[in-house]
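Raw contents of data-v4.txt, compact mmCIF, C-alpha atoms and all ligand atoms:
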# COMPACT_ATOMS: atom_id res chain seq x y z
CA MET A 301 52.34 -44.16 305.98
CA PRO A 302 55.44 -45.11 307.99
CA ARG A 303 56.08 -43.14 311.13
CA PHE A 304 59.22 -41.05 311.02
CA ASP A 305 60.86 -39.14 313.84
CA LYS A 306 61.61 -35.64 312.56
CA TYR A 307 64.68 -33.53 313.34
CA ILE A 308 65.97 -30.28 311.84
CA HIS A 309 69.55 -29.76 310.66
CA LEU A 310 70.74 -26.15 310.55
CA THR A 311 74.32 -25.16 309.88
CA ASP A 312 76.71 -22.22 309.74
CA THR A 313 74.49 -19.51 311.13
CA HIS A 314 77.53 -17.14 311.44
CA LEU A 315 75.93 -14.62 313.77
CA VAL A 316 77.85 -11.38 314.32
CA LYS A 317 78.26 -9.15 317.35
CA GLU A 318 75.63 -6.58 316.57
CA ALA A 319 72.65 -7.21 314.39
CA GLY A 320 74.16 -6.31 311.06
CA ALA A 321 75.50 -7.39 307.73
CA LEU A 322 77.88 -10.18 306.87
CA TYR A 323 78.75 -10.43 303.18
CA GLY A 324 75.76 -8.19 302.44
CA LEU A 325 73.30 -10.35 304.37
CA ASP A 326 71.86 -10.19 307.89
CA PRO A 327 72.70 -13.52 309.59
CA LYS A 328 70.46 -12.87 312.59
CA LEU A 329 67.47 -12.12 310.39
CA ARG A 330 68.24 -15.21 308.30
CA LEU A 331 68.26 -17.37 311.42
CA GLN A 332 65.07 -15.78 312.74
CA GLN A 333 63.42 -16.51 309.40
CA ALA A 334 64.58 -20.13 309.63
CA VAL A 335 63.19 -20.42 313.17
CA GLU A 336 59.85 -18.92 312.07
CA HIS A 337 59.71 -21.35 309.16
CA ILE A 338 60.50 -24.32 311.40
CA ASN A 339 57.83 -23.26 313.89
CA CYS A 340 55.30 -22.86 311.08
CA HIS A 341 56.04 -26.04 309.11
CA HIS A 342 57.96 -28.41 311.37
CA ALA A 343 56.80 -27.70 314.90
CA ASP A 344 56.61 -31.46 315.36
CA ALA A 345 60.39 -31.82 315.04
CA ARG A 346 61.89 -33.45 318.12
CA ALA A 347 65.06 -31.36 318.12
CA VAL A 348 67.19 -28.97 316.08
CA VAL A 349 70.87 -29.65 315.44
CA ILE A 350 73.32 -26.90 314.42
CA THR A 351 76.64 -28.15 313.04
CA GLY A 352 78.91 -25.26 313.91
CA ASP A 353 79.99 -21.81 312.89
CA LEU A 354 77.26 -20.61 315.18
CA THR A 355 78.96 -17.21 315.08
CA HIS A 356 81.34 -15.59 312.61
CA TYR A 357 83.90 -14.05 314.97
CA GLY A 358 83.14 -15.95 318.19
CA HIS A 359 82.13 -12.72 319.87
CA ASP A 360 80.43 -12.97 323.23
CA ASN A 361 77.55 -10.80 322.10
CA ALA A 362 76.92 -12.96 319.03
CA TYR A 363 76.15 -15.95 321.29
CA GLU A 364 73.58 -13.78 323.06
CA HIS A 365 71.92 -13.13 319.70
CA LEU A 366 72.03 -16.86 319.00
CA ARG A 367 70.40 -17.71 322.31
CA GLU A 368 67.72 -15.10 321.69
CA CYS A 369 66.92 -16.51 318.23
CA LEU A 370 66.82 -20.12 319.46
CA ALA A 371 64.58 -19.25 322.41
CA ALA A 372 61.69 -19.06 319.93
CA LEU A 373 62.00 -22.82 319.33
CA SER A 374 60.03 -25.14 321.58
CA MET A 375 62.19 -28.24 320.96
CA PRO A 376 65.71 -28.93 322.29
CA VAL A 377 68.64 -27.52 320.29
CA TYR A 378 71.95 -29.39 320.01
CA PRO A 379 74.76 -27.12 318.79
CA ILE A 380 78.42 -27.89 318.12
CA LEU A 381 81.40 -25.66 317.38
CA GLY A 382 82.90 -24.68 314.03
CA ASN A 383 86.17 -23.01 313.16
CA HIS A 384 84.63 -19.54 313.53
CA ASP A 385 83.44 -20.21 317.08
CA SER A 386 84.95 -19.47 320.46
CA ARG A 387 84.74 -22.43 322.83
CA VAL A 388 85.10 -20.16 325.87
CA ASN A 389 82.31 -17.81 324.84
CA PHE A 390 80.06 -20.65 323.71
CA VAL A 391 80.36 -22.48 327.02
CA ARG A 392 79.58 -19.28 328.91
CA HIS A 393 76.32 -18.78 327.03
CA PHE A 394 75.32 -22.44 326.66
CA PRO A 395 76.31 -23.95 330.02
CA HIS A 396 73.65 -26.65 329.68
CA ILE A 397 75.44 -28.20 326.67
CA PRO A 398 77.77 -30.92 327.99
CA CYS A 399 81.54 -30.97 327.52
CA ASP A 400 83.80 -34.01 327.78
CA ALA A 401 86.30 -34.45 330.62
CA ASN A 402 88.89 -32.45 328.67
CA GLY A 403 86.60 -29.48 328.09
CA PHE A 404 85.76 -30.21 324.45
CA VAL A 405 82.14 -29.65 323.42
CA GLN A 406 81.47 -33.33 322.74
CA TYR A 407 78.37 -35.14 323.94
CA VAL A 408 75.95 -37.96 323.28
CA VAL A 409 72.17 -37.71 322.95
CA GLN A 410 70.01 -40.82 322.90
CA LEU A 411 67.35 -40.47 320.23
CA GLU A 412 64.50 -42.94 320.00
CA ARG A 413 66.17 -45.25 317.49
CA TYR A 414 69.64 -43.75 317.07
CA THR A 415 72.52 -42.56 319.20
CA ALA A 416 73.59 -39.03 318.21
CA ILE A 417 77.25 -38.23 318.83
CA PHE A 418 78.29 -34.58 318.65
CA LEU A 419 81.99 -33.81 318.03
CA ASP A 420 84.27 -30.82 318.54
CA THR A 421 86.76 -30.12 315.71
CA ASN A 422 87.45 -26.51 316.73
CA GLU A 423 91.04 -25.40 317.24
CA PRO A 424 91.53 -21.79 318.40
CA GLY A 425 93.35 -19.59 315.90
CA VAL A 426 93.02 -21.77 312.80
CA HIS A 427 90.25 -22.45 310.30
CA TRP A 428 91.06 -26.08 309.56
CA GLY A 429 89.68 -28.80 311.78
CA VAL A 430 91.59 -30.64 314.49
CA PHE A 431 90.63 -33.91 316.15
CA CYS A 432 93.34 -34.79 318.62
CA GLU A 433 94.06 -38.05 320.46
CA GLN A 434 92.06 -36.88 323.49
CA ARG A 435 88.98 -36.19 321.42
CA ALA A 436 89.48 -39.44 319.49
CA GLN A 437 89.65 -41.48 322.71
CA TRP A 438 86.35 -39.95 323.80
CA LEU A 439 84.79 -40.80 320.41
CA ARG A 440 86.07 -44.38 320.52
CA ALA A 441 84.49 -44.82 323.96
CA ALA A 442 81.22 -43.24 322.79
CA LEU A 443 81.08 -45.57 319.80
CA GLN A 444 81.81 -48.58 321.99
CA ALA A 445 79.00 -47.57 324.37
CA ALA A 446 76.43 -46.91 321.65
CA GLU A 447 73.73 -49.55 321.63
CA LYS A 448 71.81 -48.09 318.70
CA PRO A 449 72.94 -47.10 315.18
CA VAL A 450 75.00 -43.92 315.36
CA LEU A 451 74.49 -40.49 313.80
CA LEU A 452 77.70 -38.43 313.84
CA PHE A 453 77.57 -34.64 313.85
CA MET A 454 80.78 -32.66 313.24
CA HIS A 455 81.72 -29.36 311.63
CA HIS A 456 84.68 -30.27 309.41
CA PRO A 457 84.57 -33.15 306.92
CA PHE A 458 87.35 -35.69 307.43
CA PHE A 459 87.83 -36.31 303.68
CA PRO A 460 88.30 -34.10 300.59
CA ILE A 461 85.13 -32.85 298.91
CA GLY A 462 86.75 -31.68 295.66
CA ILE A 463 86.61 -27.91 296.28
CA THR A 464 90.32 -27.32 296.80
CA SER A 465 89.93 -24.08 298.78
CA MET A 466 87.71 -25.86 301.31
CA ASP A 467 89.75 -29.05 301.33
CA ASP A 468 92.66 -26.89 302.49
CA ILE A 469 90.71 -26.11 305.69
CA SER A 470 88.93 -29.42 306.30
CA LEU A 471 90.01 -31.80 309.09
CA ARG A 472 93.81 -32.12 309.10
CA ASN A 473 95.80 -35.02 310.52
CA THR A 474 92.82 -37.33 310.24
CA GLY A 475 94.68 -40.29 311.78
CA PRO A 476 93.19 -40.11 315.30
CA PHE A 477 89.65 -39.69 313.93
CA GLU A 478 90.02 -42.55 311.46
CA ALA A 479 91.50 -44.79 314.13
CA ALA A 480 88.60 -43.96 316.45
CA ILE A 481 85.93 -44.98 313.93
CA ALA A 482 87.86 -47.99 312.59
CA SER A 483 85.66 -51.11 312.67
CA PHE A 484 82.63 -49.03 313.73
CA GLU A 485 81.80 -47.89 310.19
CA PRO A 486 78.89 -50.34 309.77
CA ARG A 487 77.35 -48.92 312.99
CA ILE A 488 77.51 -45.30 311.75
CA ALA A 489 74.24 -44.78 309.89
CA HIS A 490 75.04 -41.23 308.75
CA CYS A 491 77.54 -38.41 309.25
CA PHE A 492 76.37 -34.77 309.16
CA PHE A 493 78.77 -31.89 308.49
CA GLY A 494 78.74 -28.14 308.27
CA HIS A 495 81.63 -25.94 307.07
CA ILE A 496 81.22 -26.29 303.29
CA HIS A 497 78.16 -24.01 302.83
CA ARG A 498 76.92 -26.17 299.97
CA PRO A 499 74.61 -29.19 299.74
CA ILE A 500 76.77 -32.29 299.28
CA PHE A 501 75.87 -35.97 299.64
CA GLY A 502 77.86 -39.14 299.29
CA SER A 503 79.54 -41.90 301.24
CA VAL A 504 83.05 -42.48 302.49
CA ARG A 505 84.42 -45.65 304.06
CA GLY A 506 80.88 -46.94 303.59
CA ILE A 507 79.43 -44.14 305.76
CA PRO A 508 76.70 -42.02 304.12
CA TYR A 509 77.16 -38.29 304.70
CA SER A 510 75.54 -34.96 303.94
CA THR A 511 76.01 -31.27 304.42
CA LEU A 512 73.94 -28.19 303.60
CA ARG A 513 73.96 -24.56 302.65
CA SER A 514 74.44 -22.04 305.40
CA THR A 515 71.55 -19.95 306.64
CA ASN A 516 73.65 -16.92 305.60
CA HIS A 517 76.27 -17.00 302.82
CA ASP A 518 77.43 -19.85 300.58
CA VAL A 519 80.52 -21.15 298.83
CA ALA A 520 80.51 -21.25 295.03
CA LEU A 521 81.05 -24.54 293.21
CA VAL A 522 84.64 -23.87 292.12
CA LEU A 523 86.28 -27.26 292.16
CA GLN A 524 89.91 -26.63 291.27
CA ASP A 525 91.56 -23.34 292.17
CA PRO A 526 95.28 -23.37 292.89
CA SER A 527 94.98 -19.95 294.57
CA LEU A 528 92.89 -21.59 297.33
CA ASN A 529 90.74 -18.46 297.45
CA ILE A 530 87.28 -19.29 298.77
CA VAL A 531 84.66 -17.88 296.40
CA GLY A 532 81.53 -16.75 298.23
CA LYS A 533 78.06 -16.76 296.68
CA ASN A 534 74.70 -15.81 298.10
CA GLU A 535 72.32 -18.60 297.17
CA ASN A 536 69.06 -19.58 298.84
CA PRO A 537 69.44 -20.27 302.55
CA GLN A 538 68.58 -23.77 303.56
CA TYR A 539 67.97 -26.20 306.37
CA GLY A 540 67.54 -29.94 306.40
CA VAL A 541 64.48 -31.91 307.50
CA LEU A 542 65.79 -35.19 308.80
CA LEU A 543 63.38 -38.12 308.94
CA LEU A 544 64.40 -41.17 310.91
CA ARG A 545 62.91 -44.59 311.39
CA GLU A 546 64.43 -47.96 312.02
CA GLY A 547 66.80 -48.78 309.18
CA GLN A 548 66.26 -45.48 307.35
CA VAL A 549 67.85 -42.03 307.43
CA LEU A 550 66.33 -39.50 305.03
CA LEU A 551 67.12 -35.83 304.55
CA HIS A 552 64.88 -33.31 302.76
CA LEU A 553 66.27 -29.89 301.85
CA GLU A 554 64.13 -26.88 302.70
CA ASP A 555 65.00 -23.59 300.93
CA TYR A 556 63.04 -21.68 303.50
CA LEU A 557 63.02 -18.27 301.79
CA ASP A 558 61.88 -19.66 298.45
CA SER A 559 58.71 -17.73 297.63
CA SER A 560 57.44 -19.70 294.65
CA GLU A 561 53.81 -20.79 295.04
CA GLY A 562 52.73 -24.41 295.24
CA TYR A 563 50.11 -25.69 292.81
CA LEU A 564 48.35 -28.92 291.99
CA LEU A 565 49.99 -31.14 289.43
CA GLY A 566 47.80 -33.20 287.13
CA GLY A 567 45.92 -33.32 283.90
FE FE B 1 80.89 -21.61 308.04
The structure in this file should be written as C-alpha cells.
Amino acid sequence: MPRFDKYIHLTDTHLVKEAGALYGLDPKLRLQQAVEHINCHHADARAVVITGDLTHYGHDNAYEHLRECLAALSMPVYPILGNHDSRVNFVRHFPHIPCDANGFVQYVVQLERYTAIFLDTNEPGVHWGVFCEQRAQWLRAALQAAEKPVLLFMHHPFFPIGITSMDDISLRNTGPFEAAIASFEPRIAHCFFGHIHRPIFGSVRGIPYSTLRSTNHDVALVLQDPSLNIVGKNENPQYGVLLLREGQVLLHLEDYLDSSEGYLLGG
C-alpha cells in the first residue's frame, strides 16, 4: 500500500453574520458537520484548505463563526478569499495567515513533496475575479522559487467552464495571471478552485484542475443561459480528500451528509 499524505479541500462555506439560514440552509451547521466528519474519518489529514467564499457577506461576525468552527480541527487550516469575502475583516480575524507585501492574502506553504501556493483573486465590490500585475509578479516569483512540484489554490477559475452565468464572473483580464504561469505549466501539478459550487475536473494548458460543491448551496448544471441568471440548487454538501505522493495527485469526493449504509459486496 503506497503511503499518501492526506489533505482536506473544503470550499465556499458562505458563513453568515448570525447563525441562520442562507438559501434555506444553515451554513454554520453545514460547516460544523463537515468538521465533525473530518475529525471522525480523516483526523490523520495534515491540513485543511478552504478555497474562498469563507463568508457570504464578508461580515465581521461571520469570520468569528468561521474561527469558532475551525477551532475544532486539530490540523492547520489554510484559507483564501473569494468574491464574497472581505479582505479587511478576514485579516482582522486571521492575523496568522500571511499576506504579500501589497496586502493581498497570498502565501506559500511547503508540503512534504509539493509547494502549495495560495492566491488572492478578490476585488472589493465585484463578484468576478481580479489578478492584477502586482499579484502576478508575486506569483511569478513564488513559482520561480518553488523547488517542488506546485499545487495552486485560487477561488476563481481562469478559464471558462461552460456554465455561462458563472463564466461571466470568473477571472477577468486573465493576461497577468497567464503571463505569470507561462513556462511553469509543467511544474504545476494541480490547480484547485472554488467559486463554481459544482464538482468539475479537467485540464487547461496542460494543468490538471478540480473544484467541488460548496458545504452550503450549489449551482445547477445549466450550461447555456443568455440571461446569465445563476440557478441555485441544494445538492449534497461535499469536501475533497486529497491524497498526495511523489508523482501523484488524487482527489476523492466525500458527500459527508450522505446517510446511505455501507455493505459488503460479493457473491
Ligand atoms: Fe461561493
Neighbour list for Ala446 in chain A as number ranges by chain, cut-off 9 Å, only C-alpha atoms, skip fewer than 2 positions in-chain:
A: 410, 414-415, 441-444, 448-450, 487
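Going from CA of Ser386 in chain A to CA of Phe501 in chain A covers 28.1 Å.
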Using all atoms listed in the file, which protein or nucleic acid residues come within 10 Å of Lys533 in chain A? Drop anything in the same chain fewer than 2 positions from it, and give the result as a PyMOL selection string. chain A and resi 323+497+516-521+530-531+535-536
With C-alpha atoms retained, export the selected residues as a PDB file, in the coordinates of the input.
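Output (selection09.pdb):
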ATOM      1  CA  TYR A 323      78.750 -10.430 303.180  1.00  0.00           C
ATOM      2  CA  HIS A 497      78.160 -24.010 302.830  1.00  0.00           C
ATOM      3  CA  ASN A 516      73.650 -16.920 305.600  1.00  0.00           C
ATOM      4  CA  HIS A 517      76.270 -17.000 302.820  1.00  0.00           C
ATOM      5  CA  ASP A 518      77.430 -19.850 300.580  1.00  0.00           C
ATOM      6  CA  VAL A 519      80.520 -21.150 298.830  1.00  0.00           C
ATOM      7  CA  ALA A 520      80.510 -21.250 295.030  1.00  0.00           C
ATOM      8  CA  LEU A 521      81.050 -24.540 293.210  1.00  0.00           C
ATOM      9  CA  ILE A 530      87.280 -19.290 298.770  1.00  0.00           C
ATOM     10  CA  VAL A 531      84.660 -17.880 296.400  1.00  0.00           C
ATOM     11  CA  GLU A 535      72.320 -18.600 297.170  1.00  0.00           C
ATOM     12  CA  ASN A 536      69.060 -19.580 298.840  1.00  0.00           C
TER      13      ASN A 536
END
So which one's closest to ligand FE 1 (chain B), A:Asn389, A:Gln524, A:Ser470, A:Gln548? Using only C-alpha atoms and all ligand atoms, please.
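Using only C-alpha atoms and all ligand atoms, ligand FE 1 (chain B) sits closest to A:Ser470.
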Could you pull the residues within 10 Å of range 558-560 of chain A, counting only C-alpha atoms, minus those fewer than 2 positions along the same chain, as an mmCIF file with C-alpha atoms, in the coordinates of the input?
data_model
loop_
_atom_site.group_PDB
_atom_site.id
_atom_site.type_symbol
_atom_site.label_atom_id
_atom_site.label_comp_id
_atom_site.auth_asym_id
_atom_site.auth_seq_id
_atom_site.Cartn_x
_atom_site.Cartn_y
_atom_site.Cartn_z
ATOM 1 C CA ASN A 536 69.060 -19.580 298.840
ATOM 2 C CA PRO A 537 69.440 -20.270 302.550
ATOM 3 C CA GLN A 538 68.580 -23.770 303.560
ATOM 4 C CA GLU A 554 64.130 -26.880 302.700
ATOM 5 C CA ASP A 555 65.000 -23.590 300.930
ATOM 6 C CA TYR A 556 63.040 -21.680 303.500
ATOM 7 C CA GLY A 562 52.730 -24.410 295.240
ATOM 8 C CA TYR A 563 50.110 -25.690 292.810
#
**Request:** Set the cut-off to 8 Å, count all atoms listed in the file, and list whatever residues fall near ligand FE 1 (chain B) as a count of residues only.
**Result:** 15
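Minimum atom-to-atom distance to Gln434 in chain A, evaluated using only C-alpha atoms, belongs to A:Ala401 out of A:Ala401, A:Val348, A:Leu366, A:Ala334.
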Review point. Near Asp400 in chain A, counting only C-alpha atoms, which residues have an atom at most 10 Å away, once you skip same-chain residues fewer than 4 positions from it, shown as a list in words?
Key: Phe404, Val405, Gln406, Tyr407, Val408, Leu419, Asp420, Gln434, Arg435 and Trp438 of chain A
Output C-alpha atoms for every residue in that selection, as a CSV table (one decimal), in the frame of the given file.
chain,number,residue,atom,x,y,z
A,404,PHE,CA,85.8,-30.2,324.4
A,405,VAL,CA,82.1,-29.6,323.4
A,406,GLN,CA,81.5,-33.3,322.7
A,407,TYR,CA,78.4,-35.1,323.9
A,408,VAL,CA,76.0,-38.0,323.3
A,419,LEU,CA,82.0,-33.8,318.0
A,420,ASP,CA,84.3,-30.8,318.5
A,434,GLN,CA,92.1,-36.9,323.5
A,435,ARG,CA,89.0,-36.2,321.4
A,438,TRP,CA,86.4,-40.0,323.8
Taken to one decimal, the CA of Leu550 in chain A-CA of Ile500 in chain A distance is 13.9 Å
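Considering the residues A:Thr351, A:Asn422, A:Asn534, A:Ser483 and counting only C-alpha atoms, Leu471 in chain A has its shortest atom-to-atom contact with A:Asn422.
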Quick one: axis-aligned box around all listed atoms of range 446-457 of chain A, 8 Å on every side, centre and edge lengths in Å to one decimal, written as JSON.
{"center_x": 78.2, "center_y": -39.5, "center_z": 314.3, "size_x": 28.9, "size_y": 36.2, "size_z": 30.7}
Compare A:Leu439, A:Ile338, A:Val426, A:Ala372 by their minimum atom-to-atom distance to Lys306 in chain A, counting only C-alpha atoms, and give me the closest one.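 Selected residue with least distance to Lys306 in chain A: A:Ile338.
Nearest residue to Ser503 in chain A, choosing from A:Cys432, A:Ile461, A:Leu523, A:Ile481 and counting all atoms listed in the file: A:Ile461.
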### Neighbour list for His337 in chain A as number ranges by chain, cut-off 10 Å, only C-alpha atoms, skip fewer than 3 positions in-chain
A: 331-334, 340-343, 539, 554, 556-557
Go ahead and write the selection's residues with C-alpha atoms as an mmCIF file, in the frame of the given file.
data_model
loop_
_atom_site.group_PDB
_atom_site.id
_atom_site.type_symbol
_atom_site.label_atom_id
_atom_site.label_comp_id
_atom_site.auth_asym_id
_atom_site.auth_seq_id
_atom_site.Cartn_x
_atom_site.Cartn_y
_atom_site.Cartn_z
ATOM 1 C CA LEU A 331 68.260 -17.370 311.420
ATOM 2 C CA GLN A 332 65.070 -15.780 312.740
ATOM 3 C CA GLN A 333 63.420 -16.510 309.400
ATOM 4 C CA ALA A 334 64.580 -20.130 309.630
ATOM 5 C CA CYS A 340 55.300 -22.860 311.080
ATOM 6 C CA HIS A 341 56.040 -26.040 309.110
ATOM 7 C CA HIS A 342 57.960 -28.410 311.370
ATOM 8 C CA ALA A 343 56.800 -27.700 314.900
ATOM 9 C CA TYR A 539 67.970 -26.200 306.370
ATOM 10 C CA GLU A 554 64.130 -26.880 302.700
ATOM 11 C CA TYR A 556 63.040 -21.680 303.500
ATOM 12 C CA LEU A 557 63.020 -18.270 301.790
#
If we draw a sphere of 9 Å around (93.5, -24.1, 297.8), which residues have at least one atom in it when counting all atoms listed in the file? Please report them as a list in words. Ile463, Thr464, Ser465, Met466, Asp467, Asp468, Ile469, Gln524, Asp525, Pro526, Ser527, Leu528, Asn529 and Ile530 of chain A
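CA of Ile397 in chain A sits 22.3 Å away from CA of Phe477 in chain A.
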